[in-house]
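Reviewing the structure listed below.
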Amino acid sequence: MKIGVYFCNCASNISDKVDSQRVRAVVGSLEDVAYFKTNELMCSEDGKKFLHDDILEERPDRIVIAACSPRDHEKTFMRVLSGAEMNPYLMQMVNIREQVAWVTEGVGRASTKASSLIKGAVSRVRFHKPLHRKSIDMSPDVMVIGAGPAGLKAALTIAETGRKVTLVEKRPVIGGQPALYEEVFPNLECAPCMLEPILNDVLHGEYAGNIELLTLSEVVELNGFYGNFIAKIRKTPRYADLNQCIGCGDCIGVCPVDVKNEFNNGMDNRKAISLSFAGALPNVPFIDMKACLRAKGEDCRLCEQACPLGEGIIRYDDEETIVERHVGAVIVAVGASLFDAGLIPKLGAGTVADVYTSFEFERLLSSTGPTGGKLRTRSGRTPETIAIVHCVGSLDSNHNEHCSGICCLNAFKFNVMIEHRLPGIQIHHLYKELVYPGKEEYALYQRALSNPNAVFTRYSDIDTIEITSTGDCIGIKTGLPETGVIRADMVVLCPAVVPSKDIGELSRVLDITEDMYGFFEELHGRLDSVRTKVRGIYISGACQSPVNIAQAVNQGQAAAGYVLSGLIAGKQLEIEPLTASVDKDRCSGCRVCLFLCPYKAVFLDAETQRPSVNEVLCQGCGICVAACPSGAMSSNHFTNDAIFAEIEGVLK
Amino acid sequence: MSEDDGRVVFEPKIVGFLCNWCSYAGADKAGGLQRSYPPNVNIIRVMCSGRVDPQFVLKAYSAGADGVLILACHLGDCHYKEGNYHAMQRHRMLLRILSEHGIENERCRFDYVSAADGDKFVKIMNEMVYTIRELGPMDRLNCWSDNKLKQGG
Ligand SMILES: Cc1cc2nc3c(=O)[nH]c(=O)nc-3n(C[C@H](O)[C@H](O)[C@H](O)COP(=O)(O)OP(=O)(O)OC[C@H]3O[C@@H](n4cnc5c(N)ncnc54)[C@H](O)[C@@H]3O)c2cc1C
């Protein structure tokens with residue numbers, strides 16, 4: 001084997017401290033070292049040309065470059081090798097600048113240390129093997145799960161570039177939670193006015209042809225990896241033709257069955273055939289087959305008969321189907337839910353009349369809600385005092401320690417909306433902390449504060465609050481001597497934003513992880529909040545962390561950005577060769593590698609029942625290699641042989 | 001051995017396994033700051049501290065090292081999410097094996113160095129060299145001999 005050693009003076013950065021002649025005396029005589037050459041500045045254009053030409057002339061089998069940190073110029077020199085017809089992995093760099101010249105006193109000591117490190121590299125480089133980047137075809141299409149603000153914006157951004165997007169929404173309606181609000185903080189913009197242009201773009205806009213919307217649908221299986229996922233999606237029938245129905249609603253009026261309306265949190269009833277709420281998009285009703293008389297064996301056809309377009313629009317025979325889609329990436333944007341205020345029984349949620357959660361109150365304020373937006377108590381009275389309890393189940397080690405960051409602003413929004421509807425009404429805010437970051441948010445807080453009928457009271461612990469019915473109204477004990485018992489006609493609880501059940505279920509289906517709170521786990525909290533540990537699966541919006549609409553939308557677009565920059569039509573996926581691999585004959589089948597891999601890159605080969613490494617997913621950390629008790633796992637370039645040789649070399 | 005004021009000083013040989021993303025970068029940081037430290041530690045770069053196979057450590061002792069250092073990202077900062085946890089656990093296990101074979105725990109140190117911890121890195125270098133110097137050369141005859149290691153590995 002012919003090994004060449006190159007020593008870079010780094011102008012004088014290295015040569016001032018390390019004597020290349022002394023190093024040559026030690027290294028030049030090592031077995032297989034055919035030559036030792038110095039250069040003034042290898043990373044300069046002249047230096048690179050020297051290296052390039054010299055490799056072509058000497059044709060070494062391996063080279064060692066003693067220069068700066070590989071974190072600086074390993075990639076630079078690898079490119080030179082490639083240009084000189086030499087496999088770039090047949091080189092080893094030795095860091096004699098940052099880790100020798102700049103930190104060692106005395107030329108003698110520095111030269112000795114440099115020699116030791118180069119000896120290690122010479123021993124090691126013998127074991128280097130030529131490695132090649134592989135490439136595979138990728139699908140540029142994308143699946144987005146969840147049609148809330150985050151998912152909608154992600155889908156639109158991607159569709160605008162001509163890619164195909166499959167948008168999977170569990171409910172019959174798109175728009176996510178904000179579709180249920182009347183107004184949105186911080187500027188109290190009309191929510192439907194804000195959302196509808198986006199919803200219409202998705203349904204009928206210029207790029208709608210690139211978006212396949214599957215409502216009443218859920219992903220039940222995902223196989224494959226970045227660039228090549230196969231998703232199985234369960235479509236529950238709507239029993240109405242999404243393309244032909246004109247949404248007149250004639251079918252709804254004739255339906256004889258009333259059921260609790262889940263879109264208004266059960267505060268009123270809807271029909272068995274229904275829209276989610278007036279103005280819901282897509283504007284096509286759905287039949288709730290569990291409630292429909294036909295499910296009970298009756299041959300009711302009232303809705304079909306009422307349809308002005310005739311037969312064929314209402315389709316009782318529709319069946320559940322499983323559809324398959326081949327996509328290159330997946331964006332998950334399934335939102336979150338609210339902490340169950342019933343877990344703090346003293347707050348009266350579900351037991352004391354006129355105690356509402358913030359979601360329920362949004363519907364009470366909504367013109368499409370159960371009261372058409374009028375605020376009335378259950379007994380029909382106009383309330384004179386409304387209390388809003390902040391921080392329910394948050395900032396609390398018994399429940400959730402996190403602050404959801406949106407509830408205070410929502411409470412201030414309620415404050416303004418209540419005042420608009422019932423001028424002069426008393427509003428009592430009970431809070432643990434007040435939080436209102438952002439450039440527009442403080443103004444909303446000021447607006448709430450400037451309401452002369454609004455009182456702000458700070459409580460110390462939610463357990464000190466007790467909400468009971470006093471017959472004609474509600475009594476709130478605060479545990480604060482100066483406040484005593486507050487009397488109110490209505491109470492709004494603002495529960496923490498917490499992970500939804502869907503997050504738990506989807507994390508299993510998609511094989512992505514949850515964090516310690518139960519939200520989807522991001523790759524890096526600050527630098528990479530929309531990537532997961534699984535390459536090609538992104539998370540956006542409230543399923544990653546409690547967010548407001550602006551942040552949810554930003555994350556949706558960030559995920560779209562990753563897709564657009566990484567998954568390019570016609571481009572092949574380049575796979576780094578620094579991955580792990582399995583020697584199936586040595587494997588004992590203990591599967592420790594499967595459990596340890598942080599990227600789910602090691603999987604069980606169905607045929608051989610032995611682990612196999614997916615090179616697309618593997619990031620080359622080598623955790624599995626160090627753990628393998630049979631020595632069956634190895635990591636390319638960082639093989640045991642190479643590292644053992646390096647250890648022996650530096651100690652020689 | 002080197003001479004210091006006419007006194008003969010033991011110069012220990014130490015091998016350091018550093019993860020590419022944090023600790024190796026921390027060592028480079030010390031370089032950038034031009035902080036000098038003793039040259040006794042020979043650094044071997046691995047992508048992740050989780051790659052450090054206990055066999056590497058045993059190999060180092062059998063090949064002549066008097067001490068071994070394993071440096072990782074701070075917990076929670078691992079580039080590969082959790083490699084440093086595995087490294088930490090493996091180190092604990094290693095200490096028990098080393099004890100059984102009469103190798104002092106101080107000869108195998110595990111610590112956390114981030115890319116910003118240039119000064120901490122230098123401190124660890126100084127401490128490690130001082131500690132091993134105090135312990136003296138590894139007593140290879142009475143510990144695990146090179147031959148025994150070869151049979152075990
Ligand atoms: C009471 C309340 C009031 C708020 N008011 C405001 C406000 O005024 N201004 C503001 O900026 N923010 C407000 N927020 C925050 C706002 O609701 C969120 O920022 C926003 O909803 C997050 O959008 P998203 O797309 O992440 O999730 P969501 O809006 O929750 O959308 C998620 C979508 O995914 C669907 N989905 C769920 N599971 C699945 C599944 N398994 N498969 C397929 N689809 C699924 C859901 O049906 C839904 O359509 C409020 C929050 C609360 C709790």
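Every chain in the structure tokens has a letter given in the order shown (A, B, ...), and although residue numbers restart at 1 in each chain, ligands are simply numbered from 1 in the order shown.
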
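Applying a distance limit of 6 Å to only C-alpha atoms, the residues of chain B near chain A read B:Asp28, B:Gly31, B:Gln34, B:Arg35, B:Ser36, B:Tyr37, B:Met47, B:Cys48, B:Gly50, B:Arg51, B:Asp53, B:Ala63.
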
task = Skip stretch 89-106 of chain B itself and residues of its chain fewer than 3 positions away, then list as number ranges by chain all residues within 10 Å of it, counting only C-alpha atoms.
result = A: 626-627; B: 50, 52-55, 57-58, 61, 66-70, 84-86, 109-110, 128, 131-132, 135, 138-140, 142-145

Can I get the selection written as a CSV table (one decimal), in the first residue's frame, with N, CA, C and O atoms?
```csv
chain,number,residue,atom,x,y,z
A,626,ALA,N,-21.8,0.4,18.8
A,626,ALA,CA,-21.1,0.3,20.0
A,626,ALA,C,-21.9,-0.7,20.9
A,626,ALA,O,-21.3,-1.3,21.8
A,627,ALA,N,-23.2,-0.8,20.7
A,627,ALA,CA,-24.1,-1.6,21.5
A,627,ALA,C,-24.1,-3.1,21.1
A,627,ALA,O,-24.4,-3.9,21.9
B,50,GLY,N,-21.8,8.2,21.7
B,50,GLY,CA,-22.5,6.9,21.7
B,50,GLY,C,-21.8,5.8,20.9
B,50,GLY,O,-22.2,4.7,20.9
B,52,VAL,N,-18.6,5.3,21.2
B,52,VAL,CA,-17.5,4.8,21.9
B,52,VAL,C,-17.8,3.4,22.6
B,52,VAL,O,-18.5,3.3,23.5
B,53,ASP,N,-17.2,2.4,21.9
B,53,ASP,CA,-17.4,1.1,22.3
B,53,ASP,C,-16.5,0.8,23.6
B,53,ASP,O,-15.3,1.3,23.5
B,54,PRO,N,-17.0,0.2,24.6
B,54,PRO,CA,-16.1,-0.1,25.8
B,54,PRO,C,-14.8,-0.7,25.3
B,54,PRO,O,-13.7,-0.5,25.9
B,55,GLN,N,-14.8,-1.5,24.2
B,55,GLN,CA,-13.6,-2.1,23.7
B,55,GLN,C,-12.5,-1.1,23.4
B,55,GLN,O,-11.4,-1.4,23.4
B,57,VAL,N,-11.9,1.6,24.9
B,57,VAL,CA,-11.2,2.0,26.1
B,57,VAL,C,-10.2,0.9,26.6
B,57,VAL,O,-9.1,1.2,26.9
B,58,LEU,N,-10.7,-0.3,26.5
B,58,LEU,CA,-9.8,-1.4,26.9
B,58,LEU,C,-8.6,-1.5,26.0
B,58,LEU,O,-7.5,-1.7,26.4
B,61,TYR,N,-5.9,1.0,26.9
B,61,TYR,CA,-5.1,0.6,28.1
B,61,TYR,C,-4.1,-0.5,27.6
B,61,TYR,O,-2.9,-0.4,28.0
B,66,ASP,N,-2.2,5.4,29.8
B,66,ASP,CA,-2.3,5.5,31.3
B,66,ASP,C,-3.7,6.0,31.7
B,66,ASP,O,-4.0,6.0,32.9
B,67,GLY,N,-4.4,6.6,30.8
B,67,GLY,CA,-5.7,7.2,31.1
B,67,GLY,C,-6.5,7.3,29.8
B,67,GLY,O,-6.0,7.4,28.7
B,68,VAL,N,-7.8,7.4,30.0
B,68,VAL,CA,-8.7,7.5,28.9
B,68,VAL,C,-9.8,8.6,29.2
B,68,VAL,O,-10.3,8.6,30.3
B,69,LEU,N,-10.1,9.4,28.3
B,69,LEU,CA,-11.1,10.5,28.4
B,69,LEU,C,-12.2,10.2,27.4
B,69,LEU,O,-11.9,9.9,26.3
B,70,ILE,N,-13.5,10.4,27.9
B,70,ILE,CA,-14.6,10.3,26.9
B,70,ILE,C,-15.3,11.6,27.1
B,70,ILE,O,-15.8,11.9,28.2
B,84,ASN,N,-25.3,10.6,23.9
B,84,ASN,CA,-24.5,10.8,25.1
B,84,ASN,C,-25.1,10.1,26.4
B,84,ASN,O,-24.3,9.8,27.3
B,85,TYR,N,-26.4,9.9,26.4
B,85,TYR,CA,-26.9,9.1,27.5
B,85,TYR,C,-26.4,7.7,27.5
B,85,TYR,O,-26.0,7.1,28.5
B,86,HIS,N,-26.3,7.1,26.3
B,86,HIS,CA,-25.8,5.7,26.2
B,86,HIS,C,-24.3,5.8,26.6
B,86,HIS,O,-23.8,4.9,27.3
B,109,ARG,N,-12.1,8.9,32.6
B,109,ARG,CA,-13.0,10.1,32.9
B,109,ARG,C,-14.0,10.3,31.8
B,109,ARG,O,-13.7,10.3,30.7
B,110,PHE,N,-15.2,10.6,32.2
B,110,PHE,CA,-16.3,11.0,31.3
B,110,PHE,C,-16.8,12.4,31.7
B,110,PHE,O,-16.9,12.7,32.8
B,128,MET,N,-6.9,16.2,34.0
B,128,MET,CA,-6.6,14.8,33.7
B,128,MET,C,-5.2,14.4,33.7
B,128,MET,O,-4.7,13.4,34.3
B,131,THR,N,-4.1,14.4,37.4
B,131,THR,CA,-4.6,13.2,38.1
B,131,THR,C,-3.7,11.9,37.7
B,131,THR,O,-3.3,11.2,38.6
B,132,ILE,N,-3.5,11.8,36.4
B,132,ILE,CA,-2.8,10.5,36.0
B,132,ILE,C,-1.3,10.6,36.4
B,132,ILE,O,-0.7,9.6,36.8
B,135,LEU,N,-1.3,9.4,39.9
B,135,LEU,CA,-1.5,8.0,40.0
B,135,LEU,C,-0.2,7.2,39.5
B,135,LEU,O,0.0,6.1,39.9
B,138,MET,N,0.4,3.2,34.5
B,138,MET,CA,-0.5,2.1,34.7
B,138,MET,C,0.4,0.8,35.0
B,138,MET,O,1.3,0.6,34.3
B,139,ASP,N,-0.1,0.1,36.0
B,139,ASP,CA,0.7,-1.1,36.3
B,139,ASP,C,0.1,-2.3,35.5
B,139,ASP,O,-0.7,-3.0,36.0
B,140,ARG,N,0.6,-2.4,34.3
B,140,ARG,CA,0.0,-3.3,33.4
B,140,ARG,C,0.2,-4.8,33.8
B,140,ARG,O,-0.6,-5.6,33.4
B,142,ASN,N,0.0,-6.1,36.8
B,142,ASN,CA,-1.0,-6.5,37.7
B,142,ASN,C,-2.4,-6.3,37.3
B,142,ASN,O,-3.3,-6.7,38.0
B,143,CYS,N,-2.6,-5.5,36.3
B,143,CYS,CA,-3.9,-5.3,35.8
B,143,CYS,C,-4.2,-6.3,34.7
B,143,CYS,O,-3.6,-7.4,34.7
B,144,TRP,N,-5.0,-5.9,33.9
B,144,TRP,CA,-5.3,-6.8,32.7
B,144,TRP,C,-4.2,-6.8,31.8
B,144,TRP,O,-3.8,-5.7,31.2
B,145,SER,N,-3.6,-7.9,31.5
B,145,SER,CA,-2.4,-7.8,30.6
B,145,SER,C,-2.9,-7.7,29.1
B,145,SER,O,-4.1,-8.0,28.8
```

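Around A:Ala488, within 7 Å and counting only C-alpha atoms, the residues found are Thr385, Ile386, Ala387, Cys473, Ile474 and Gly475 of chain A, once anything fewer than 4 positions away on its own chain is removed.
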
Members of stretch 146-229 of chain A assigned alpha helix (DSSP H) by DSSP, as a tab-separated table (two decimals) with all heavy atoms, in the first residue's frame:
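Final output, result.tsv:
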```tsv
chain	number	residue	atom	x	y	z
A	149	PRO	N	-55.13	25.93	10.30
A	149	PRO	CA	-54.29	26.96	9.69
A	149	PRO	C	-52.92	26.45	9.26
A	149	PRO	O	-52.45	26.78	8.16
A	149	PRO	CB	-54.15	28.00	10.81
A	149	PRO	CG	-55.32	27.79	11.70
A	149	PRO	CD	-55.69	26.35	11.59
A	150	ALA	N	-52.30	25.63	10.10
A	150	ALA	CA	-50.95	25.15	9.78
A	150	ALA	C	-50.97	24.26	8.54
A	150	ALA	O	-50.20	24.47	7.60
A	150	ALA	CB	-50.36	24.39	10.97
A	151	GLY	N	-51.88	23.27	8.54
A	151	GLY	CA	-51.93	22.33	7.42
A	151	GLY	C	-52.38	23.00	6.13
A	151	GLY	O	-51.84	22.70	5.05
A	152	LEU	N	-53.33	23.91	6.24
A	152	LEU	CA	-53.84	24.57	5.03
A	152	LEU	C	-52.75	25.39	4.35
A	152	LEU	O	-52.58	25.34	3.13
A	152	LEU	CB	-55.01	25.50	5.40
A	152	LEU	CG	-56.31	24.79	5.78
A	152	LEU	CD1	-57.26	25.78	6.44
A	152	LEU	CD2	-56.96	24.16	4.55
A	153	LYS	N	-52.00	26.13	5.15
A	153	LYS	CA	-50.96	26.98	4.56
A	153	LYS	C	-49.83	26.14	3.98
A	153	LYS	O	-49.27	26.47	2.93
A	153	LYS	CB	-50.42	27.94	5.62
A	153	LYS	CG	-51.14	29.27	5.61
A	153	LYS	CD	-50.87	30.00	4.29
A	153	LYS	CE	-51.28	31.46	4.41
A	153	LYS	NZ	-50.93	32.20	3.20
A	154	ALA	N	-49.54	25.04	4.67
A	154	ALA	CA	-48.50	24.15	4.14
A	154	ALA	C	-48.95	23.60	2.79
A	154	ALA	O	-48.21	23.63	1.80
A	154	ALA	CB	-48.24	23.01	5.12
A	155	ALA	N	-50.20	23.14	2.74
A	155	ALA	CA	-50.72	22.54	1.51
A	155	ALA	C	-50.72	23.56	0.37
A	155	ALA	O	-50.29	23.26	-0.75
A	155	ALA	CB	-52.13	22.00	1.74
A	156	LEU	N	-51.18	24.76	0.67
A	156	LEU	CA	-51.25	25.79	-0.38
A	156	LEU	C	-49.87	26.16	-0.90
A	156	LEU	O	-49.64	26.27	-2.10
A	156	LEU	CB	-51.93	27.04	0.17
A	156	LEU	CG	-53.44	27.08	0.07
A	156	LEU	CD1	-53.98	28.32	0.77
A	156	LEU	CD2	-53.89	27.08	-1.40
A	157	THR	N	-48.94	26.35	0.03
A	157	THR	CA	-47.60	26.75	-0.37
A	157	THR	C	-46.99	25.71	-1.30
A	157	THR	O	-46.34	26.05	-2.29
A	157	THR	CB	-46.71	26.93	0.89
A	157	THR	OG1	-47.40	27.77	1.80
A	157	THR	CG2	-45.38	27.55	0.54
A	158	ILE	N	-47.21	24.44	-0.97
A	158	ILE	CA	-46.62	23.39	-1.80
A	158	ILE	C	-47.37	23.28	-3.14
A	158	ILE	O	-46.76	23.17	-4.20
A	158	ILE	CB	-46.64	22.05	-1.04
A	158	ILE	CG1	-45.70	22.16	0.17
A	158	ILE	CG2	-46.21	20.90	-1.93
A	158	ILE	CD1	-45.86	21.04	1.17
A	159	ALA	N	-48.71	23.38	-3.08
A	159	ALA	CA	-49.51	23.24	-4.31
A	159	ALA	C	-49.18	24.35	-5.31
A	159	ALA	O	-49.21	24.14	-6.52
A	159	ALA	CB	-51.00	23.26	-3.96
A	191	ALA	N	-63.04	36.27	12.18
A	191	ALA	CA	-62.35	35.01	11.86
A	191	ALA	C	-62.74	34.44	10.51
A	191	ALA	O	-61.87	34.05	9.72
A	191	ALA	CB	-62.58	33.99	12.97
A	192	PRO	N	-64.04	34.36	10.18
A	192	PRO	CA	-64.38	33.83	8.85
A	192	PRO	C	-63.77	34.69	7.73
A	192	PRO	O	-63.33	34.15	6.70
A	192	PRO	CB	-65.91	33.91	8.82
A	192	PRO	CG	-66.33	33.97	10.25
A	192	PRO	CD	-65.21	34.63	10.99
A	193	CYS	N	-63.72	36.03	7.93
A	193	CYS	CA	-63.15	36.88	6.87
A	193	CYS	C	-61.68	36.56	6.67
A	193	CYS	O	-61.17	36.60	5.56
A	193	CYS	CB	-63.27	38.36	7.21
A	193	CYS	SG	-64.87	38.82	7.82
A	194	MET	N	-61.00	36.22	7.79
A	194	MET	CA	-59.58	35.89	7.70
A	194	MET	C	-59.38	34.53	7.02
A	194	MET	O	-58.52	34.36	6.16
A	194	MET	CB	-58.99	35.86	9.10
A	194	MET	CG	-57.55	35.42	9.16
A	194	MET	SD	-57.03	35.08	10.86
A	194	MET	CE	-57.70	33.45	11.11
A	195	LEU	N	-60.23	33.57	7.39
A	195	LEU	CA	-60.02	32.19	6.94
A	195	LEU	C	-60.54	31.91	5.54
A	195	LEU	O	-59.95	31.15	4.79
A	195	LEU	CB	-60.73	31.22	7.89
A	195	LEU	CG	-59.97	30.72	9.11
A	195	LEU	CD1	-60.85	29.74	9.87
A	195	LEU	CD2	-58.67	30.01	8.70
A	196	GLU	N	-61.70	32.49	5.21
A	196	GLU	CA	-62.37	32.05	3.99
A	196	GLU	C	-61.54	32.17	2.72
A	196	GLU	O	-61.58	31.27	1.88
A	196	GLU	CB	-63.73	32.71	3.85
A	196	GLU	CG	-64.79	31.77	4.42
A	196	GLU	CD	-66.13	32.43	4.63
A	196	GLU	OE1	-66.49	33.30	3.83
A	196	GLU	OE2	-66.80	32.06	5.61
A	197	PRO	N	-60.77	33.26	2.57
A	197	PRO	CA	-59.95	33.30	1.35
A	197	PRO	C	-59.01	32.10	1.24
A	197	PRO	O	-58.82	31.54	0.15
A	197	PRO	CB	-59.16	34.60	1.51
A	197	PRO	CG	-59.96	35.43	2.45
A	197	PRO	CD	-60.66	34.46	3.37
A	198	ILE	N	-58.46	31.66	2.38
A	198	ILE	CA	-57.55	30.52	2.34
A	198	ILE	C	-58.32	29.25	2.03
A	198	ILE	O	-57.91	28.42	1.20
A	198	ILE	CB	-56.84	30.36	3.70
A	198	ILE	CG1	-56.08	31.63	4.05
A	198	ILE	CG2	-55.90	29.17	3.68
A	198	ILE	CD1	-55.51	31.59	5.46
A	199	LEU	N	-59.47	29.10	2.68
A	199	LEU	CA	-60.27	27.89	2.45
A	199	LEU	C	-60.71	27.83	1.00
A	199	LEU	O	-60.68	26.76	0.36
A	199	LEU	CB	-61.49	27.88	3.38
A	199	LEU	CG	-61.18	28.02	4.88
A	199	LEU	CD1	-62.46	27.94	5.70
A	199	LEU	CD2	-60.20	26.96	5.34
A	200	ASN	N	-61.10	28.96	0.45
A	200	ASN	CA	-61.52	28.98	-0.95
A	200	ASN	C	-60.38	28.69	-1.89
A	200	ASN	O	-60.56	28.03	-2.91
A	200	ASN	CB	-62.19	30.32	-1.30
A	200	ASN	CG	-63.65	30.31	-0.85
A	200	ASN	OD1	-64.34	29.29	-1.00
A	200	ASN	ND2	-64.11	31.40	-0.29
A	201	ASP	N	-59.19	29.18	-1.54
A	201	ASP	CA	-58.02	28.85	-2.37
A	201	ASP	C	-57.81	27.35	-2.41
A	201	ASP	O	-57.48	26.77	-3.46
A	201	ASP	CB	-56.76	29.51	-1.80
A	201	ASP	CG	-56.61	30.95	-2.27
A	201	ASP	OD1	-57.37	31.35	-3.18
A	201	ASP	OD2	-55.75	31.66	-1.73
A	202	VAL	N	-57.99	26.71	-1.26
A	202	VAL	CA	-57.78	25.26	-1.21
A	202	VAL	C	-58.86	24.53	-2.01
A	202	VAL	O	-58.58	23.55	-2.71
A	202	VAL	CB	-57.78	24.78	0.26
A	202	VAL	CG1	-57.87	23.27	0.35
A	202	VAL	CG2	-56.52	25.27	0.96
A	203	LEU	N	-60.09	25.04	-1.94
A	203	LEU	CA	-61.20	24.33	-2.59
A	203	LEU	C	-61.33	24.68	-4.07
A	203	LEU	O	-61.59	23.81	-4.89
A	203	LEU	CB	-62.51	24.65	-1.87
A	203	LEU	CG	-62.61	24.14	-0.42
A	203	LEU	CD1	-63.85	24.69	0.26
A	203	LEU	CD2	-62.62	22.61	-0.40
A	204	HIS	N	-61.18	25.98	-4.39
A	204	HIS	CA	-61.49	26.38	-5.78
A	204	HIS	C	-60.44	27.29	-6.40
A	204	HIS	O	-60.65	27.80	-7.48
A	204	HIS	CB	-62.83	27.14	-5.81
A	204	HIS	CG	-63.91	26.51	-4.99
A	204	HIS	ND1	-64.46	25.31	-5.32
A	204	HIS	CD2	-64.51	26.91	-3.85
A	204	HIS	CE1	-65.38	24.98	-4.40
A	204	HIS	NE2	-65.42	25.92	-3.50
```

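For A:Ser630, the non-local neighbours within 10 Å, defined as residues at least 6 positions apart in the same chain or in other chains and counting only C-alpha atoms, are Asp583, Arg586, Cys587, Ser588, Gly589 and Cys590 of chain A.
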
Compile the contact shell of A:Asn453 as a short mmCIF file (atom, residue, chain, number, x, y, z; two decimals) with N, CA, C and O atoms, in the first residue's frame: residues with an atom at most 10 Å away, counting only C-alpha atoms, same-chain residues fewer than 6 positions apart removed.
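Result file is result23.cif:
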```
data_model
loop_
_atom_site.label_atom_id
_atom_site.label_comp_id
_atom_site.auth_asym_id
_atom_site.auth_seq_id
_atom_site.Cartn_x
_atom_site.Cartn_y
_atom_site.Cartn_z
N THR A 385 -72.75 39.76 35.36
CA THR A 385 -71.32 39.60 35.69
C THR A 385 -70.83 38.30 35.05
O THR A 385 -71.50 37.27 35.14
N GLU A 419 -68.02 42.91 26.22
CA GLU A 419 -68.33 44.34 26.40
C GLU A 419 -69.10 44.88 25.19
O GLU A 419 -70.01 45.67 25.33
N PRO A 423 -72.77 46.09 26.82
CA PRO A 423 -71.99 47.22 27.37
C PRO A 423 -72.30 47.41 28.86
O PRO A 423 -73.44 47.25 29.28
N GLY A 424 -71.30 47.68 29.64
CA GLY A 424 -71.49 47.94 31.06
C GLY A 424 -71.43 46.71 31.93
O GLY A 424 -71.43 46.80 33.16
N ILE A 425 -71.37 45.53 31.32
CA ILE A 425 -71.34 44.28 32.11
C ILE A 425 -70.03 44.20 32.92
O ILE A 425 -68.97 44.66 32.49
N GLN A 426 -70.16 43.62 34.12
CA GLN A 426 -68.98 43.43 34.99
C GLN A 426 -68.20 42.22 34.49
O GLN A 426 -68.78 41.16 34.24
N ILE A 427 -66.90 42.38 34.37
CA ILE A 427 -66.07 41.23 33.96
C ILE A 427 -64.97 41.04 35.00
O ILE A 427 -64.24 41.98 35.31
N HIS A 428 -64.90 39.84 35.53
CA HIS A 428 -63.93 39.58 36.59
C HIS A 428 -62.88 38.59 36.10
O HIS A 428 -63.19 37.45 35.80
#
```

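Between atom CA of A:Lys17 and atom CA of B:Val122 there is a distance of 18.7 Å.
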
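Distance annotation: of A:Arg234, A:Lys571, A:Lys600, A:Lys439, the residue with the minimal separation from ligand 1 is A:Arg234; atom set is only C-alpha atoms and all ligand atoms.
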
message = So that I can see what lies close to A:Gly373, please list as a list in words the residues with an atom at most 9 Å from it, counting only C-alpha atoms and leaving out residues fewer than 3 positions away in the same chain.
response = Glu182, Arg363, Leu364, Leu365, Ser366, Ser367, Thr368, Gly369, Pro370 and Arg421 of chain A

What are the nearest atom pairs, with distances in Å to one decimal, for all residues of stretch 171-232 of chain A that come at most 9 Å from stretch 548-556 of chain A, using only C-alpha atoms, set out by chain and rising residue number as a tab-separated table?
```
residue	atom	partner	partner_atom	distance
A:Pro178	CA	A:Ile549	CA	8.1
A:Val184	CA	A:Ile549	CA	8.8
A:Phe185	CA	A:Asn548	CA	8.9
```

task = Just the residues within 12 Å of B:Cys22, please, counting only C-alpha atoms, with nothing from its chain fewer than 4 positions along; format it as a ChimeraX atom specification.
result = /A:71 /B:17-18,26-29,45-49,71-80,84,111-118,121

What would the file look like if the residues just selected were written as a short mmCIF file (atom, residue, chain, number, x, y, z; two decimals), in the first residue's frame with C-alpha atoms?
```cif
data_model
loop_
_atom_site.label_atom_id
_atom_site.label_comp_id
_atom_site.auth_asym_id
_atom_site.auth_seq_id
_atom_site.Cartn_x
_atom_site.Cartn_y
_atom_site.Cartn_z
CA ARG A 71 -14.38 20.62 10.75
CA PHE B 17 -12.53 10.03 22.49
CA LEU B 18 -14.39 13.17 21.47
CA GLY B 26 -14.89 22.53 22.09
CA ALA B 27 -11.29 21.37 21.64
CA ASP B 28 -11.09 23.41 18.43
CA LYS B 29 -12.53 26.33 20.35
CA ARG B 45 -12.65 11.85 16.77
CA VAL B 46 -15.88 9.83 16.64
CA MET B 47 -19.18 11.10 15.26
CA CYS B 48 -21.01 10.55 18.56
CA SER B 49 -19.95 9.67 22.09
CA LEU B 71 -16.10 13.69 26.15
CA ALA B 72 -19.70 14.17 25.06
CA CYS B 73 -22.27 16.86 24.37
CA HIS B 74 -24.17 18.09 27.40
CA LEU B 75 -27.23 15.98 28.20
CA GLY B 76 -30.10 17.14 26.04
CA ASP B 77 -27.75 18.64 23.43
CA CYS B 78 -26.63 15.48 21.63
CA HIS B 79 -26.61 15.94 17.87
CA TYR B 80 -28.12 12.48 17.66
CA ASN B 84 -24.52 10.83 25.14
CA ASP B 111 -17.36 14.57 30.96
CA TYR B 112 -19.43 16.98 28.93
CA VAL B 113 -17.88 19.64 26.71
CA SER B 114 -19.92 21.81 24.38
CA ALA B 115 -18.69 23.61 21.30
CA ALA B 116 -18.52 26.77 23.42
CA ASP B 117 -16.68 25.17 26.35
CA GLY B 118 -13.11 25.96 25.21
CA PHE B 121 -11.94 21.66 27.81
#
```

note = Among A:Asp258, A:Glu401, A:Asp16, A:Asp511, A:Val107 is approached most closely, using only C-alpha atoms, by A:Asp16
